[in-house]
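Visitor: File follows, input34.txt with compact mmCIF, C-alpha atoms:
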```txt
# COMPACT_ATOMS: atom_id res chain seq x y z
CA MET A 1 56.12 212.26 52.82
CA SER A 2 54.36 208.96 53.40
CA PRO A 3 51.10 208.34 51.51
CA ALA A 4 47.86 208.56 53.41
CA PRO A 5 46.57 205.17 54.58
CA ALA A 6 43.87 203.62 52.45
CA THR A 7 40.33 203.67 53.79
CA PHE A 8 38.41 200.43 53.44
CA TRP A 9 34.64 200.61 53.15
CA PHE A 10 32.35 197.63 53.42
CA SER A 11 28.64 197.16 53.10
CA LEU A 12 26.98 196.11 56.33
CA ARG A 13 24.23 194.52 54.27
CA HIS A 14 26.72 192.47 52.23
CA ARG A 15 28.63 191.52 55.36
CA LEU A 16 25.47 190.36 57.11
CA LEU A 17 24.43 188.42 54.00
CA GLY A 18 27.83 186.74 53.81
CA LEU A 19 27.84 185.85 57.51
CA LEU A 20 24.33 184.40 57.42
CA LEU A 21 24.84 182.43 54.22
CA GLY A 22 28.26 181.27 55.37
CA GLY A 23 26.84 180.14 58.69
CA VAL A 24 23.91 178.35 57.06
CA ALA A 25 26.19 176.70 54.49
CA ALA A 26 28.64 175.59 57.20
CA ALA A 27 25.84 174.23 59.37
CA TRP A 28 24.33 172.47 56.37
CA LEU A 29 27.71 170.99 55.44
CA VAL A 30 28.31 169.71 58.98
CA THR A 31 24.81 168.25 59.03
CA MET A 32 25.40 166.56 55.68
CA VAL A 33 28.70 165.07 56.87
CA PHE A 34 27.17 163.66 60.03
CA SER A 35 24.10 162.45 58.10
CA TYR A 36 26.31 160.79 55.52
CA ILE A 37 28.38 159.03 58.18
CA ASP A 38 25.27 157.92 60.04
CA ALA A 39 23.53 156.76 56.82
CA HIS A 40 26.67 154.87 55.77
CA HIS A 41 26.72 153.10 59.13
CA GLU A 42 23.02 152.23 58.94
CA VAL A 43 23.33 150.94 55.36
CA ASP A 44 26.26 148.75 56.36
CA GLU A 45 24.25 147.41 59.29
CA LEU A 46 21.25 146.72 57.06
CA PHE A 47 23.20 144.95 54.35
CA ASP A 48 25.24 142.95 56.86
CA ALA A 49 21.98 141.82 58.44
CA GLN A 50 20.71 140.77 55.01
CA LEU A 51 23.95 138.86 54.34
CA SER A 52 23.63 137.06 57.67
CA GLN A 53 19.97 136.30 57.05
CA ALA A 54 20.67 134.99 53.53
CA ALA A 55 23.48 132.77 54.85
CA GLN A 56 21.25 131.32 57.53
CA THR A 57 18.48 130.66 55.00
CA LEU A 58 20.87 128.91 52.61
CA LEU A 59 22.36 126.94 55.46
CA ALA A 60 18.91 125.73 56.50
CA LEU A 61 18.06 124.69 52.93
CA ALA A 62 21.41 122.98 52.46
CA SER A 63 21.03 121.07 55.74
CA HIS A 64 17.62 119.77 54.53
CA ASP A 65 19.11 118.51 51.27
CA GLU A 66 22.53 117.62 52.61
CA GLY A 67 22.74 114.26 50.92
CA ASP A 68 21.97 115.52 47.40
CA ASP A 69 24.36 116.94 44.87
CA ILE A 70 23.26 120.37 43.82
CA GLU A 71 24.25 121.85 40.49
CA ASP A 72 25.04 125.46 39.79
CA LEU A 73 22.09 127.85 39.83
CA GLY A 74 20.93 129.64 36.73
CA GLU A 75 21.94 133.11 35.55
CA ALA A 76 20.75 135.99 37.80
CA THR A 77 18.28 138.37 36.20
CA HIS A 78 17.94 141.28 38.68
CA LYS A 79 20.68 143.90 38.69
CA TYR A 80 21.23 143.58 42.42
CA GLN A 81 21.07 139.78 42.18
CA ARG A 82 24.06 139.86 39.82
CA ARG A 83 26.06 141.57 42.51
CA LEU A 84 25.33 138.84 45.04
CA ARG A 85 26.92 135.38 45.08
CA PHE A 86 27.12 132.47 47.44
CA GLN A 87 28.71 129.05 47.95
CA ILE A 88 27.79 126.03 50.06
CA TRP A 89 30.64 123.76 51.14
CA ARG A 90 30.70 120.41 52.87
CA GLY A 91 32.91 119.76 55.83
CA ASP A 92 35.25 117.64 53.67
CA GLY A 93 35.85 120.62 51.34
CA ARG A 94 33.44 119.62 48.57
CA LEU A 95 31.44 122.42 46.91
CA LEU A 96 27.76 121.53 47.01
CA MET A 97 26.13 124.64 45.55
CA ARG A 98 27.13 128.02 44.15
CA SER A 99 25.56 130.90 42.31
CA LYS A 100 26.32 131.29 38.63
CA ASN A 101 28.62 134.27 39.22
CA ALA A 102 30.49 132.64 42.10
CA PRO A 103 33.91 131.09 41.51
CA GLU A 104 34.71 127.49 42.36
CA ALA A 105 37.34 128.57 44.85
CA PRO A 106 36.20 129.63 48.34
CA LEU A 107 34.97 133.22 48.49
CA THR A 108 36.75 133.82 51.79
CA THR A 109 38.89 131.95 54.25
CA SER A 110 37.61 133.85 57.27
CA SER A 111 34.60 133.14 59.45
CA GLY A 112 32.00 135.79 60.03
CA PHE A 113 32.24 139.10 58.19
CA SER A 114 35.25 139.94 56.05
CA GLU A 115 36.18 141.97 52.98
CA THR A 116 38.45 141.46 49.96
CA HIS A 117 39.92 143.84 47.40
CA ASN A 118 41.15 142.28 44.17
CA ASP A 119 40.76 142.47 40.40
CA ASP A 120 37.22 141.18 40.83
CA GLY A 121 36.25 144.25 42.86
CA HIS A 122 35.48 145.10 46.43
CA TRP A 123 33.37 142.39 48.13
CA ARG A 124 31.81 141.99 51.53
CA HIS A 125 31.65 138.35 52.75
CA PHE A 126 29.85 136.42 55.44
CA SER A 127 30.78 132.85 56.28
CA GLN A 128 28.91 130.54 58.72
CA TRP A 129 28.99 126.81 59.70
CA ASN A 130 26.08 124.79 60.87
CA GLU A 131 26.07 123.38 64.39
CA GLU A 132 27.59 120.02 63.29
CA ARG A 133 30.21 121.88 61.20
CA SER A 134 29.29 119.67 58.30
CA LEU A 135 28.15 122.52 56.04
CA GLN A 136 29.50 126.01 55.48
CA VAL A 137 27.70 128.82 53.69
CA GLN A 138 29.61 131.77 52.23
CA VAL A 139 27.63 134.77 50.96
CA SER A 140 29.29 137.72 49.19
CA GLU A 141 27.96 141.10 48.16
CA ASN A 142 29.62 143.61 45.86
CA HIS A 143 30.39 146.73 47.88
CA HIS A 144 29.35 148.87 44.92
CA ILE A 145 25.73 148.28 45.93
CA ARG A 146 26.36 150.02 49.21
CA ASP A 147 28.38 152.82 47.63
CA GLU A 148 25.65 153.44 45.08
CA LEU A 149 22.98 153.62 47.76
CA ILE A 150 25.12 155.93 49.92
CA GLY A 151 25.72 158.11 46.84
CA HIS A 152 21.96 158.42 46.30
CA ILE A 153 21.51 159.40 49.94
CA ALA A 154 24.30 162.01 49.72
CA TRP A 155 22.77 163.48 46.56
CA ARG A 156 19.38 163.68 48.23
CA LEU A 157 21.06 165.57 51.07
CA LEU A 158 22.96 167.88 48.72
CA LEU A 159 20.08 168.68 46.39
CA PRO A 160 18.09 170.79 48.93
CA ALA A 161 21.25 172.78 49.72
CA LEU A 162 21.85 173.59 46.05
CA PHE A 163 18.35 174.98 45.68
CA GLY A 164 17.83 176.15 49.27
CA LEU A 165 20.92 178.33 49.70
CA PRO A 166 20.06 180.69 46.80
CA LEU A 167 16.51 180.98 48.11
CA ILE A 168 17.79 181.66 51.63
CA GLY A 169 20.23 184.22 50.21
CA LEU A 170 17.44 186.00 48.34
CA TRP A 171 15.27 186.02 51.46
CA VAL A 172 18.12 187.33 53.64
CA TRP A 173 18.85 190.05 51.08
CA LEU A 174 15.23 191.17 51.00
CA ALA A 175 14.97 190.97 54.80
CA THR A 176 18.16 193.01 55.38
CA ARG A 177 17.08 195.52 52.75
CA GLN A 178 13.80 195.97 54.58
CA GLY A 179 15.52 195.97 57.97
CA PHE A 180 18.05 198.64 56.97
CA ALA A 181 15.42 200.88 55.41
CA PRO A 182 15.35 203.16 58.52
CA LEU A 183 19.11 203.68 58.18
CA ASP A 184 18.67 204.73 54.56
CA GLY A 185 15.93 207.12 55.64
CA ILE A 186 18.15 208.67 58.31
CA ALA A 187 21.01 209.01 55.81
CA ARG A 188 18.73 210.79 53.34
CA GLN A 189 17.43 213.06 56.10
CA ILE A 190 20.95 214.07 57.13
CA ALA A 191 22.17 214.44 53.52
CA SER A 192 19.30 216.80 52.66
CA ARG A 193 20.04 219.17 55.54
CA ASP A 194 21.61 222.59 55.21
CA PRO A 195 24.78 223.25 57.28
CA GLN A 196 22.74 225.48 59.59
CA GLN A 197 20.22 222.74 60.39
CA LEU A 198 21.63 221.20 63.56
CA GLN A 199 18.40 220.16 65.24
CA PRO A 200 18.28 216.55 66.52
CA VAL A 201 17.57 213.75 64.06
CA GLN A 202 14.10 212.38 64.79
CA PRO A 203 13.23 209.62 62.29
CA ALA A 204 9.70 208.25 62.09
CA THR A 205 10.99 204.78 63.00
CA ALA A 206 14.35 203.96 64.52
CA PRO A 207 15.46 200.43 65.49
CA GLU A 208 16.72 199.85 68.99
CA GLU A 209 20.17 198.92 67.65
CA ILE A 210 20.85 202.40 66.20
CA ARG A 211 19.35 204.43 69.03
CA THR A 212 22.79 204.83 70.64
CA LEU A 213 24.20 206.02 67.31
CA LEU A 214 21.38 208.55 66.96
CA GLU A 215 21.91 209.80 70.50
CA ALA A 216 25.65 210.26 69.84
CA LEU A 217 24.90 212.01 66.53
CA ASN A 218 22.35 214.32 68.15
CA GLY A 219 24.84 215.05 70.93
CA LEU A 220 27.41 215.99 68.30
CA PHE A 221 24.89 218.28 66.57
CA GLN A 222 24.15 219.94 69.90
CA ARG A 223 27.85 220.50 70.65
CA VAL A 224 28.46 221.89 67.17
CA GLU A 225 25.46 224.21 67.56
CA HIS A 226 26.75 225.45 70.91
CA THR A 227 30.20 225.99 69.41
CA LEU A 228 28.81 227.92 66.45
CA GLU A 229 26.59 229.96 68.75
CA ALA A 230 29.59 230.78 70.94
CA GLU A 231 31.57 231.79 67.86
CA ARG A 232 28.73 234.00 66.62
CA ARG A 233 28.37 235.60 70.05
CA PHE A 234 32.12 236.10 70.30
CA THR A 235 32.25 237.70 66.86
CA ALA A 236 29.33 240.00 67.64
CA ASP A 237 30.75 240.97 71.03
CA ALA A 238 34.22 241.51 69.58
CA ALA A 239 32.84 243.73 66.81
CA HIS A 240 30.91 245.75 69.39
CA GLU A 241 33.90 246.08 71.72
CA LEU A 242 36.26 247.08 68.91
CA ARG A 243 33.85 249.68 67.56
CA THR A 244 34.15 251.87 70.68
CA PRO A 245 37.98 252.19 70.86
CA LEU A 246 38.22 252.57 67.10
CA ALA A 247 35.65 255.38 67.16
CA ALA A 248 37.55 257.02 70.04
CA LEU A 249 40.81 256.72 68.12
CA GLN A 250 39.24 258.31 65.08
CA ALA A 251 37.88 261.19 67.20
CA GLN A 252 41.25 261.79 68.88
CA LEU A 253 42.96 261.77 65.49
CA GLN A 254 40.53 264.39 64.18
CA VAL A 255 41.13 266.52 67.29
CA ALA A 256 44.87 266.24 66.78
CA GLN A 257 44.52 267.28 63.16
CA ARG A 258 42.49 270.37 64.11
CA ALA A 259 44.68 271.35 67.03
CA ARG A 260 45.57 275.07 67.05
CA ASP A 261 48.73 274.84 69.15
CA SER A 262 51.31 272.30 70.17
CA ASP A 263 49.92 271.80 73.68
CA GLU A 264 46.51 270.81 72.38
CA ARG A 265 48.13 268.58 69.80
CA ASP A 266 50.29 266.90 72.47
CA ARG A 267 47.24 266.22 74.67
CA SER A 268 45.37 264.72 71.72
CA MET A 269 48.35 262.57 70.77
CA SER A 270 48.68 261.39 74.38
CA GLN A 271 45.03 260.38 74.44
CA LEU A 272 45.47 258.78 71.04
CA GLN A 273 48.42 256.77 72.38
CA SER A 274 46.35 255.69 75.39
CA GLY A 275 43.51 254.61 73.11
CA LEU A 276 45.91 252.65 70.93
CA THR A 277 47.27 250.90 74.02
CA ARG A 278 43.77 249.91 75.13
CA ALA A 279 42.85 248.72 71.62
CA ALA A 280 46.06 246.68 71.38
CA HIS A 281 45.35 245.17 74.80
CA LEU A 282 41.81 244.26 73.72
CA VAL A 283 43.05 242.64 70.49
CA ASP A 284 45.74 240.77 72.42
CA GLN A 285 43.16 239.42 74.87
CA MET A 286 40.84 238.40 72.05
CA LEU A 287 43.67 236.55 70.31
CA HIS A 288 44.46 234.70 73.53
CA LEU A 289 40.83 233.67 73.92
CA ALA A 290 40.57 232.63 70.25
CA ARG A 291 43.59 230.35 70.73
CA LEU A 292 42.12 228.76 73.82
CA ASP A 293 38.59 228.10 72.52
CA PRO A 294 39.31 225.37 69.94
CA GLU A 295 41.41 223.37 72.40
CA SER A 296 39.78 220.43 74.15
CA GLY A 297 42.78 219.53 76.24
CA LEU A 298 46.44 220.22 76.90
CA PRO A 299 48.71 219.48 73.93
CA ASN A 300 52.08 218.14 75.08
CA PRO A 301 51.70 218.98 78.80
CA GLN A 302 54.94 219.49 80.71
CA SER A 303 55.99 220.11 84.28
CA VAL A 304 55.96 223.87 85.01
CA ASP A 305 57.62 225.52 88.01
CA LEU A 306 54.81 227.89 89.02
CA PRO A 307 56.85 230.09 91.45
CA GLU A 308 59.56 230.67 88.84
CA LEU A 309 56.96 231.53 86.22
CA ALA A 310 55.20 233.91 88.63
CA GLU A 311 58.49 235.72 89.40
CA GLU A 312 59.08 236.32 85.67
CA VAL A 313 55.56 237.64 85.12
CA CYS A 314 55.65 239.93 88.16
CA ALA A 315 59.06 241.26 87.10
CA ASP A 316 57.60 242.21 83.71
CA LEU A 317 54.78 244.09 85.48
CA GLY A 318 57.25 245.84 87.82
CA PRO A 319 57.07 249.28 86.12
CA GLN A 320 53.29 249.28 86.39
CA ILE A 321 53.49 248.29 90.07
CA LEU A 322 56.09 250.96 90.86
CA ALA A 323 54.14 253.63 88.98
CA LYS A 324 51.23 253.21 91.43
CA ASN A 325 53.48 252.82 94.50
CA ILE A 326 51.75 249.52 95.35
CA ASP A 327 52.84 247.42 98.30
CA PHE A 328 53.47 244.19 96.37
CA ASP A 329 54.47 240.86 97.87
CA LEU A 330 55.11 237.47 96.21
CA THR A 331 55.28 234.47 98.56
CA THR A 332 56.10 230.99 97.22
CA SER A 333 56.81 227.53 98.57
CA PRO A 334 59.27 224.98 97.15
CA GLY A 335 58.09 222.07 95.02
CA CYS A 336 55.09 223.85 93.47
CA GLN A 337 55.26 222.18 90.06
CA VAL A 338 52.10 221.74 88.00
CA THR A 339 51.47 219.89 84.74
CA GLY A 340 50.44 222.16 81.89
CA GLN A 341 51.46 224.74 79.31
CA ALA A 342 53.92 227.34 80.58
CA GLU A 343 52.78 229.92 78.01
CA TRP A 344 49.12 229.65 79.02
CA LEU A 345 49.91 229.61 82.73
CA GLY A 346 51.96 232.76 82.19
CA VAL A 347 48.95 234.43 80.56
CA LEU A 348 46.80 233.32 83.53
CA ILE A 349 49.16 234.84 86.12
CA ARG A 350 49.65 238.00 84.06
CA ASN A 351 45.90 238.61 83.78
CA LEU A 352 45.34 238.06 87.51
CA VAL A 353 48.21 240.31 88.62
CA ASP A 354 47.44 242.94 85.96
CA ASN A 355 43.79 243.11 87.07
CA ALA A 356 44.83 243.35 90.72
CA VAL A 357 47.30 246.17 90.02
CA ARG A 358 44.93 248.04 87.71
CA TYR A 359 41.99 248.07 90.11
CA THR A 360 44.05 248.68 93.27
CA PRO A 361 44.30 252.38 94.10
CA ASP A 362 47.67 254.11 94.47
CA ALA A 363 49.64 252.97 97.51
CA GLY A 364 47.38 249.93 97.81
CA GLN A 365 48.34 246.34 98.45
CA VAL A 366 48.63 243.28 96.19
CA ARG A 367 49.58 239.85 97.51
CA VAL A 368 50.50 236.81 95.38
CA ASN A 369 50.88 233.51 97.20
CA ILE A 370 51.79 230.05 95.84
CA ALA A 371 51.63 227.08 98.23
CA ARG A 372 51.36 223.32 98.04
CA ASN A 373 49.89 220.48 100.05
CA ASP A 374 49.65 216.77 99.27
CA ALA A 375 46.68 217.09 96.91
CA GLN A 376 47.06 220.44 95.14
CA VAL A 377 49.04 223.56 94.37
CA THR A 378 47.19 226.78 95.23
CA LEU A 379 47.73 230.14 93.52
CA SER A 380 46.03 233.12 95.12
CA VAL A 381 46.09 236.81 94.12
CA SER A 382 44.63 239.32 96.60
CA ASP A 383 44.27 243.08 96.29
CA SER A 384 42.89 246.06 98.22
CA GLY A 385 40.75 247.28 95.36
CA PRO A 386 36.99 247.73 95.19
CA GLY A 387 36.38 243.97 94.96
CA ILE A 388 33.45 242.27 93.21
CA PRO A 389 30.00 241.90 94.81
CA PRO A 390 29.06 238.25 95.43
CA GLU A 391 26.10 238.45 93.06
CA GLU A 392 28.39 239.59 90.21
CA ARG A 393 31.17 237.05 90.65
CA GLU A 394 29.69 234.49 88.29
CA SER A 395 28.93 237.10 85.64
CA VAL A 396 32.48 238.49 85.49
CA LEU A 397 33.70 235.12 84.20
CA ARG A 398 31.70 235.63 81.01
CA ARG A 399 33.24 237.30 77.99
CA PHE A 400 33.07 241.08 77.66
CA HIS A 401 31.29 241.48 80.99
CA ARG A 402 32.59 244.57 82.80
CA LEU A 403 31.62 246.08 86.10
CA ASN A 404 30.97 249.76 86.55
CA GLN A 405 34.04 250.57 88.62
CA GLY A 406 35.07 254.02 87.58
CA ASN A 407 37.19 254.84 84.59
CA GLN A 408 39.50 251.83 84.76
CA PRO A 409 40.17 250.54 81.23
CA GLY A 410 39.39 246.91 80.48
CA SER A 411 38.08 244.53 77.86
CA GLY A 412 35.98 242.23 80.02
CA LEU A 413 38.07 239.25 78.81
CA GLY A 414 40.75 238.90 81.50
CA LEU A 415 38.85 236.71 83.95
CA ALA A 416 37.17 234.82 81.09
CA ILE A 417 40.63 233.87 79.80
CA VAL A 418 41.73 232.90 83.32
CA ALA A 419 38.65 230.68 83.74
CA ARG A 420 39.27 228.97 80.39
CA ILE A 421 42.97 228.30 81.12
CA ALA A 422 42.08 226.95 84.58
CA GLU A 423 39.48 224.65 82.99
CA LEU A 424 42.02 223.30 80.50
CA HIS A 425 44.42 222.54 83.37
CA GLY A 426 41.74 220.82 85.44
CA ALA A 427 42.05 223.55 88.10
CA MET A 428 39.30 225.03 90.29
CA LEU A 429 38.73 228.80 90.15
CA LYS A 430 37.19 230.66 93.09
CA LEU A 431 36.42 234.36 93.65
CA ASP A 432 36.19 235.56 97.23
CA THR A 433 36.69 238.59 99.42
CA SER A 434 40.30 239.20 100.40
CA ASN A 435 41.50 239.82 103.93
CA MET A 436 41.95 243.47 102.92
CA PRO A 437 38.97 245.87 103.04
CA LYS A 438 36.74 245.50 99.97
CA GLY A 439 39.45 243.62 98.15
CA LEU A 440 39.16 240.62 95.83
CA MET A 441 40.98 237.33 96.24
CA VAL A 442 41.18 234.99 93.25
CA THR A 443 42.17 231.43 94.16
CA ILE A 444 43.12 228.70 91.66
CA GLN A 445 43.72 225.18 92.89
CA PHE A 446 45.78 222.95 90.56
CA PRO A 447 45.69 219.17 91.03
CA VAL A 448 49.04 217.52 91.78
CA ARG A 449 49.74 214.91 89.05
```
As a first step, turn the structure in this file into structure tokens.
Guide:
Amino acid sequence: MSPAPATFWFSLRHRLLGLLLGGVAAAWLVTMVFSYIDAHHEVDELFDAQLSQAAQTLLALASHDEGDDIEDLGEATHKYQRRLRFQIWRGDGRLLMRSKNAPEAPLTTSSGFSETHNDDGHWRHFSQWNEERSLQVQVSENHHIRDELIGHIAWRLLLPALFGLPLIGLWVWLATRQGFAPLDGIARQIASRDPQQLQPVQPATAPEEIRTLLEALNGLFQRVEHTLEAERRFTADAAHELRTPLAALQAQLQVAQRARDSDERDRSMSQLQSGLTRAAHLVDQMLHLARLDPESGLPNPQSVDLPELAEEVCADLGPQILAKNIDFDLTTSPGCQVTGQAEWLGVLIRNLVDNAVRYTPDAGQVRVNIARNDAQVTLSVSDSGPGIPPEERESVLRRFHRLNQGNQPGSGLGLAIVARIAELHGAMLKLDTSNMPKGLMVTIQFPVR
């Protein structure tokens, strides 16, 4: 036997918190990445502009003092100044001026902007000639300056996230806790109810998002209440209906016990046997109805040959038909298959034919007809009995409702069972006057599937 599948529970509040914080963190991260890339680009542009400006300034100064020999400059004192260096070269390759931290070899062999990676570090260079190409200025900047500045910018972007995300998480937690308070109130209201309390849930405040859930829950309560009420009514009616035949059986048994001769005893035993038959029929009908009530559909529906099933049922009722000398006729058409449960359809046909035979007087007529057209299969049972007045036809479909039609035995459940089986098969039930005087015709139309 395979183990039952595990049930996974999750907190809607935790899930919402995770989704919100995850979304905010992802958006913040994307913003930081784009901000970092943009800041890096702007810093590069700014420092490149400064390199170009410094080169042009040095080139102007060198052009003014072009004929003089210029010694090396003194040691740089500012931390950023130590990461900058420059050289001024003459057109014949002579070094005219350099910063203290600049080598005597050319900083770069390229014109314009260039970069070098060596043991001395990562440097950004800018080289420019004057118009006469007699002087060349080379300015270099250690790339660490840019990286350090970009690092400060990234940290300034990251710092609000480190402090802001916990604060946002706390706020979202408090907000969701407050927002889900009505759900907690509804849960407490339902948990505190007794099983008999099935009135609709009516919270003081209910968000729009859970109104559909409340309507479904209230609908379920209403259906459960109707089901319980039907069960209570069925139990009460069944107890009342069983009390009468049981009391009659007890009386007949007492009469049989006090009988003074065999003839009186035989009459009492015959009546006792008749009472037992009626009580058994009532219990059988109640069991059929009890089996039908919990079902909400057809379990494992199959194709059923309705004419064949009707022939079997009518054959079983043959002795009862012959005992009353009834003119009985069964007419069928080929291809009258319906989708359903053969056992339940057999009960339906048996109840209809049994009622028709029981209420039809001796030498009367009973007609059973099964026909089909393109849309439906029709089963009709007609008799020449007393019939049912039009104003009573809806009432006889209720449980334990019996008409005052002489001394015919009955439980008042036959047509109720027929109506329930027809409902489960999606069929339409109709009571009408038969083409015989005062007779009843019951018609059931099954859809063709």
Visitor: What is the distance between CA of Gln445 in chain A and CA of Glu423 in chain A, in Å to one decimal?
Guide: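 Value for the CA of Gln445 in chain A-CA of Glu423 in chain A distance: 10.8 Å.
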Visitor: How many Å lie between CA of Gln365 in chain A and CA of Cys336 in chain A, rounded to one decimal?
Guide: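 Interatomic distance here is 24.0 Å.
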Visitor: If I take CA of Phe180 in chain A and CA of Trp28 in chain A, how far is one from the other in Å, to one decimal?
Guide: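 Separation of CA of Phe180 in chain A and CA of Trp28 in chain A: 26.9 Å.
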Visitor: Quick one: residues within 10 Å of Leu165 in chain A, all atoms listed in the file, excluding same-chain residues fewer than 4 positions away - as a PyMOL selection string?
Guide: chain A and resi 21-22+24-25+28+160-161+169-171
Visitor: Now that the selection is made, can you save its residues with C-alpha atoms as a CSV table (one decimal), in the frame of the given file?
Guide:
```
chain,number,residue,atom,x,y,z
A,21,LEU,CA,24.8,182.4,54.2
A,22,GLY,CA,28.3,181.3,55.4
A,24,VAL,CA,23.9,178.4,57.1
A,25,ALA,CA,26.2,176.7,54.5
A,28,TRP,CA,24.3,172.5,56.4
A,160,PRO,CA,18.1,170.8,48.9
A,161,ALA,CA,21.2,172.8,49.7
A,169,GLY,CA,20.2,184.2,50.2
A,170,LEU,CA,17.4,186.0,48.3
A,171,TRP,CA,15.3,186.0,51.5
```
Visitor: Using all atoms listed in the file, pick whichever of A:Val43, A:Val137, A:Leu96, A:Leu29 has the shortest atom-to-atom distance to Ser111 in chain A.
Guide: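 Using all atoms listed in the file, the shortest distance to Ser111 in chain A belongs to A:Val137.
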Visitor: Here is a test: counting only C-alpha atoms, which residue of A:Ser192, A:Thr227, A:Thr332, A:Gln128 is nearest to Arg372 in chain A?
Guide: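 Ranked by minimum distance to Arg372 in chain A, first place goes to A:Thr332.
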Visitor: I'd like the contact shell of Asn118 in chain A - 12 Å cut-off, only C-alpha atoms, skipping same-chain residues fewer than 5 positions apart - returned as a list in words.
Guide: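 Non-adjacent residues within range: Leu107, Trp123, Arg124 and Asn142 of chain A.
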Visitor: Name the residues in contact with Phe126 in chain A at a cut-off of 6 Å, using all atoms listed in the file, excluding same-chain residues fewer than 2 positions from it; report them as a list of chain:residue names.
Guide: A:Gly112, A:Phe113, A:Gln138, A:Val139
Visitor: With C-alpha atoms retained, export the selected residues as an mmCIF file, in the frame of the given file.
Guide:
```
data_model
loop_
_atom_site.group_PDB
_atom_site.id
_atom_site.type_symbol
_atom_site.label_atom_id
_atom_site.label_comp_id
_atom_site.auth_asym_id
_atom_site.auth_seq_id
_atom_site.Cartn_x
_atom_site.Cartn_y
_atom_site.Cartn_z
ATOM 1 C CA GLY A 112 32.000 135.790 60.030
ATOM 2 C CA PHE A 113 32.240 139.100 58.190
ATOM 3 C CA GLN A 138 29.610 131.770 52.230
ATOM 4 C CA VAL A 139 27.630 134.770 50.960
#
```
Visitor: Report as a count of residues only all protein, DNA and RNA residues lying within 7 Å of range 302-304 of chain A, evaluated on all atoms listed in the file, omitting residues in the same chain fewer than 5 positions from it.
Guide: 6
Visitor: Using the file's own x, y and z axes, so that the box edges lie along x, y and z, what centre and edge lengths in Å (one decimal) does a box around every listed atom of range 153-158 of chain A get when 5 Å is added on each side? Give it as JSON.
Guide:
```
{"center_x": 21.8, "center_y": 163.6, "center_z": 48.8, "size_x": 14.9, "size_y": 18.5, "size_z": 14.5}
```
Visitor: Nearest to Asp305 in chain A among A:Gly121, A:Gly335, A:Gly23, A:Gly414, with distances taken over all atoms listed in the file: which residue is it?
Guide: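 Selected residue with least distance to Asp305 in chain A: A:Gly335.
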Visitor: May I ask which of the residues A:Phe34, A:Trp89, A:Phe221, A:Tyr359 is the closest one to Gly387 in chain A, counting all atoms listed in the file?
Guide: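 Once distances to Gly387 in chain A are computed over all atoms listed in the file, the minimum belongs to A:Tyr359.
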Visitor: If we count all atoms listed in the file and set the cut-off at 8 Å, which residues sit around Asp327 in chain A, ignoring sequence neighbours fewer than 5 positions away in its own chain? Please answer as a ChimeraX atom specification.
Guide: /A:363-366
Visitor: Nearest residue to Asp38 in chain A out of A:Arg211, A:Leu20, A:Ile153, A:Arg90, using only C-alpha atoms?
Guide: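 Closest candidate: A:Ile153.
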